[in-house]
Amino acid sequence: MKLSNKTKVLEQGEMTLAERMYLPAIVGGMATTLKHFFMKPATIRYPEQKRYLGPIFRGQHILKRDEEGRERCTACGLCAVACPAEAISMVADERKKGEETLYREEKYAKVYEINMLRCIFCGLCEEACPKQAIYLRHDKMVTVFNERDEVIYGKDKLVEDMGNRYLREGWK
Amino acid sequence: MKVTIDNITIEVEPGTTIMQAARQIGPEVAPPAMCYYEPLKASGGKCRGCLVKVTAGSEKDPRPMPKLVPSCITQVQEGMIVENTINEQVLETRKGIVEFLLLNHPLDCPICDQAGECHLQDFSFEHGVSKTRTVEERNTFEQVDLGDHIQLHMNRCILCYRCVYTADQITDGRVHGVMHRGDHAEISTYIEKAIDNDFSGNIIDVCPVGALTDKTYRFKNRVWFTKPVEAHCDCDKCSGNVTLWYRGEEVIRVTGRKNEWGEVKEFICNTCRFDRKKTSDWTIEGPSKVSRASVISANKYGANTIKPAFPIKQAAEQYKKIDDNRDRSFLAPQKQLN
């Protein structure tokens with residue numbers, strides 16, 4: 001049954017002899033396939049080869065340390081409240097005497113977890129952070145995972161390594 | 001007595017202050033208050049946050065008052081005309097007041113437990129400017145120990161004297177006061193005496209900033225991740241009416257109930273505040289009212305699970321059964337529904 005009057009019936013004429021032989025069409029198709037053998041492939045061999053990600057790419061998170069190696073994060077919770085996917089959770093603790101070289105402020109994040117399955121890499125945590133502690137790296141993507149418990153990144157994976165600091169152009 | 005505030009006229013009792021009259025009209029015209037606290041006698045007049053312009057002193061003498069007046073300690077007179085938010089001079093002055101209050105106030109809101117329910121935060125957000133003009137170092141004080149329950153951060157204090165009045169009027173022995181003068185002034189317990197009065201915990205609630213905070217709640221969680229619930233218990237010392245702050249199933253803080261001006265009308269005792277931290281200690285009345293704009297209502301799971309009665313009733317009334325007698329012959333032959 002006709003649902004509307006917009007339908008058009010396509011009139012197809014009788015096929016010519018060349019069309020009925022099918023051979024020219026097969027040859028044309030083969031030529032297209034053959035052309036692609038000599039073209040530059042559109043894909044790369046990831047993960048051995050990696051693409052250039054661009055200076056403003058938003059990849060894996062990093063919890064920055066300051067110049068003296070102290071953690072900048074104070075567990076203020078602004079990233080967690082800004083996060084639209086509610087991927088971030090944290091537990092704060094008070095800095096003890098003698099830990100001044102580890103943490104910059106009186107309060108620090110004892111536990112800091114990001115659920116990478118939830119994260120949508122929008123960068124709002126980066127914008128919300130008042131202490132310039134959290135950034136999304138432009139040079140590293142979150143690695144592929146096989147198990148669900150691998151996707152919750154704790155401080156062991158997030159905190160910056162002082163031997164291999166993450167610096168971006170334009171930063172002091 | 002008739003008084004006009006921001007072009008709204010209201011009838012008030014003689015002896016009412018401008019602040020109280022403005023609060024009777026509503027929160028739109030009420031001036032901000034950092035030091036004035038209605039339940040505390042003699043409080044007010046210190047912070048200058050509530051300055052207003054009086055454009056006509058009274059009916060008999062309609063001359064404007066020469067300077068801005070603090071609304072919390074100025075009584076109204078018949079026919080007085082007050083301008084608060086509609087006066088450019090008042091708004092400009094408030095910017096200056098915020099700047100003065102923040103001169104020595106550290107910018108450690110990310111660390112401070114009061115953040116999210118801090119009156120100074122609200123005040124500077126609504127009335128202040130976003131930039132600091134000073135480069136000088138801020139005043140810092142030695143850490144003072146106020147016992148096991150109360151944490152004093154003298155650096156954050158804005159010297160509103162609310163806690164001093166609380167200690168004076170609620171507790172019966174004065175062991176807490178302001179020492180030194182001017183720039184050196186500081187809240188102290190005088191020879192570091194711990195406050196061991198039964199109601200001393202209330203100085204936490206009255207503090208408009210994070211100078212006095214709960215040690216049992218220290219760094220436990222941020223205010224906006226906790227859920228306030230009204231509850232009461234049978235207490236032989238106080239009214240037992242409190243607000244419980246939940247993180248999941250766990251009570252992490254107990255405070256007095258605050259009204260819309262952030263004031264606690266019924267002070268609670270230290271046992272209720274610091275020791276009763278189990279749900280079984282309390283009779284739950286229901287969730288506290290939190291305004292939609294408040295940071296406390298952000299990120300609350302289950303906010304939509306409790307369906308208010310009105311929309312359900314409305315939906316039931318407006319429910320219409322779908323008309324099943326429509327022509328369905330064009331559909332592919334299949335089993336007829338119903």
# chains A, B, ... in the order shown; residues from 1 in each chain; ligands from 1
$ residues_around --residues "B:Gln143" --least-positions-apart "4" --cutoff "9 Å" --atoms "only C-alpha atoms" --output "list of chain:residue names"
B:Leu152, B:His153, B:Met154
$ interface_residues --of "chain A" --to "chain B" --cutoff "10 Å" --atoms "only C-alpha atoms" --output "list of chain:residue names"
A:Met1, A:Lys2, A:Leu3, A:Cys73, A:Thr74, A:Ala75, A:Cys76, A:Gly77, A:Leu78, A:Ala80, A:Val81, A:Ala82, A:Cys83, A:Pro84, A:Glu86, A:Met90, A:Val91, A:Ala92, A:Asp93, A:Glu94, A:Glu105, A:Glu106, A:Lys107, A:Tyr108, A:Ala109, A:Cys129, A:Pro130, A:Lys131
$ write_last_selection --atoms "N, CA and C atoms" --output "tab-separated table (two decimals), in the first residue's frame"
chain	number	residue	atom	x	y	z
A	1	MET	N	0.83	-1.21	0.00
A	1	MET	CA	0.00	0.00	0.00
A	1	MET	C	0.87	1.25	0.00
A	2	LYS	N	0.36	2.26	-0.68
A	2	LYS	CA	1.10	3.51	-0.80
A	2	LYS	C	0.88	4.36	0.45
A	3	LEU	N	1.98	4.79	1.07
A	3	LEU	CA	1.84	5.60	2.27
A	3	LEU	C	1.76	7.08	1.94
A	73	CYS	N	47.73	18.39	43.53
A	73	CYS	CA	46.31	18.15	43.82
A	73	CYS	C	46.04	18.27	45.32
A	74	THR	N	44.95	18.99	45.66
A	74	THR	CA	44.57	19.11	47.06
A	74	THR	C	43.25	18.42	47.35
A	75	ALA	N	42.76	17.65	46.42
A	75	ALA	CA	41.49	16.93	46.58
A	75	ALA	C	40.34	17.88	46.88
A	76	CYS	N	40.24	18.96	46.13
A	76	CYS	CA	39.17	19.93	46.39
A	76	CYS	C	37.86	19.46	45.82
A	77	GLY	N	37.89	18.50	44.90
A	77	GLY	CA	36.64	17.95	44.40
A	77	GLY	C	36.00	18.72	43.28
A	78	LEU	N	36.65	19.78	42.79
A	78	LEU	CA	36.02	20.57	41.73
A	78	LEU	C	36.00	19.83	40.40
A	80	ALA	N	35.69	16.60	40.13
A	80	ALA	CA	34.66	15.58	40.25
A	80	ALA	C	33.27	16.17	40.07
A	81	VAL	N	33.10	17.41	40.57
A	81	VAL	CA	31.78	18.01	40.44
A	81	VAL	C	31.58	18.57	39.03
A	82	ALA	N	32.66	18.90	38.36
A	82	ALA	CA	32.54	19.41	36.99
A	82	ALA	C	32.35	18.28	35.99
A	83	CYS	N	32.79	17.07	36.35
A	83	CYS	CA	32.79	15.96	35.41
A	83	CYS	C	31.37	15.57	35.00
A	84	PRO	N	31.05	15.67	33.71
A	84	PRO	CA	29.68	15.33	33.30
A	84	PRO	C	29.42	13.84	33.32
A	86	GLU	N	30.77	11.81	35.65
A	86	GLU	CA	31.01	11.37	37.02
A	86	GLU	C	32.03	10.24	37.06
A	90	MET	N	37.50	10.70	44.70
A	90	MET	CA	38.73	10.91	45.47
A	90	MET	C	38.45	10.84	46.96
A	91	VAL	N	39.51	10.57	47.71
A	91	VAL	CA	39.45	10.61	49.17
A	91	VAL	C	40.58	11.51	49.62
A	92	ALA	N	40.24	12.48	50.46
A	92	ALA	CA	41.26	13.42	50.90
A	92	ALA	C	41.87	12.97	52.21
A	93	ASP	N	43.05	13.50	52.50
A	93	ASP	CA	43.69	13.22	53.78
A	93	ASP	C	44.53	14.42	54.17
A	94	GLU	N	44.83	14.49	55.47
A	94	GLU	CA	45.62	15.61	55.96
A	94	GLU	C	47.10	15.28	55.86
A	105	GLU	N	50.10	21.17	49.52
A	105	GLU	CA	49.19	21.84	50.44
A	105	GLU	C	48.92	20.95	51.64
A	106	GLU	N	48.20	21.57	52.59
A	106	GLU	CA	47.85	20.93	53.84
A	106	GLU	C	47.01	19.66	53.63
A	107	LYS	N	46.25	19.66	52.56
A	107	LYS	CA	45.37	18.53	52.27
A	107	LYS	C	45.83	17.91	50.96
A	108	TYR	N	45.71	16.61	50.84
A	108	TYR	CA	46.09	15.98	49.59
A	108	TYR	C	45.14	14.84	49.26
A	109	ALA	N	45.22	14.34	48.05
A	109	ALA	CA	44.35	13.23	47.65
A	109	ALA	C	45.03	11.93	48.00
A	129	CYS	N	40.08	22.74	37.51
A	129	CYS	CA	41.14	22.62	38.51
A	129	CYS	C	41.73	23.97	38.89
A	130	PRO	N	41.65	24.35	40.18
A	130	PRO	CA	42.20	25.63	40.60
A	130	PRO	C	43.70	25.56	40.89
A	131	LYS	N	44.26	24.39	40.88
A	131	LYS	CA	45.65	24.22	41.28
A	131	LYS	C	46.54	23.77	40.12
$ residues_around --residues "A:Arg118" --least-positions-apart "4" --cutoff "9 Å" --atoms "only C-alpha atoms" --output "list in words"
Ala85, Glu86, Ala87, Ile88 and Ile114 of chain A
$ residues_around --residues "stretch 155-165 of chain A" --least-positions-apart "2" --cutoff "6 Å" --atoms "only C-alpha atoms" --output "list of chain:residue names"
A:Ile62, A:Leu63, A:Lys64, A:Tyr112, A:Tyr153
$ atom_distance --atom1 "atom CA of B:Thr9" --atom2 "atom CA of B:Pro62"
16.0 Å
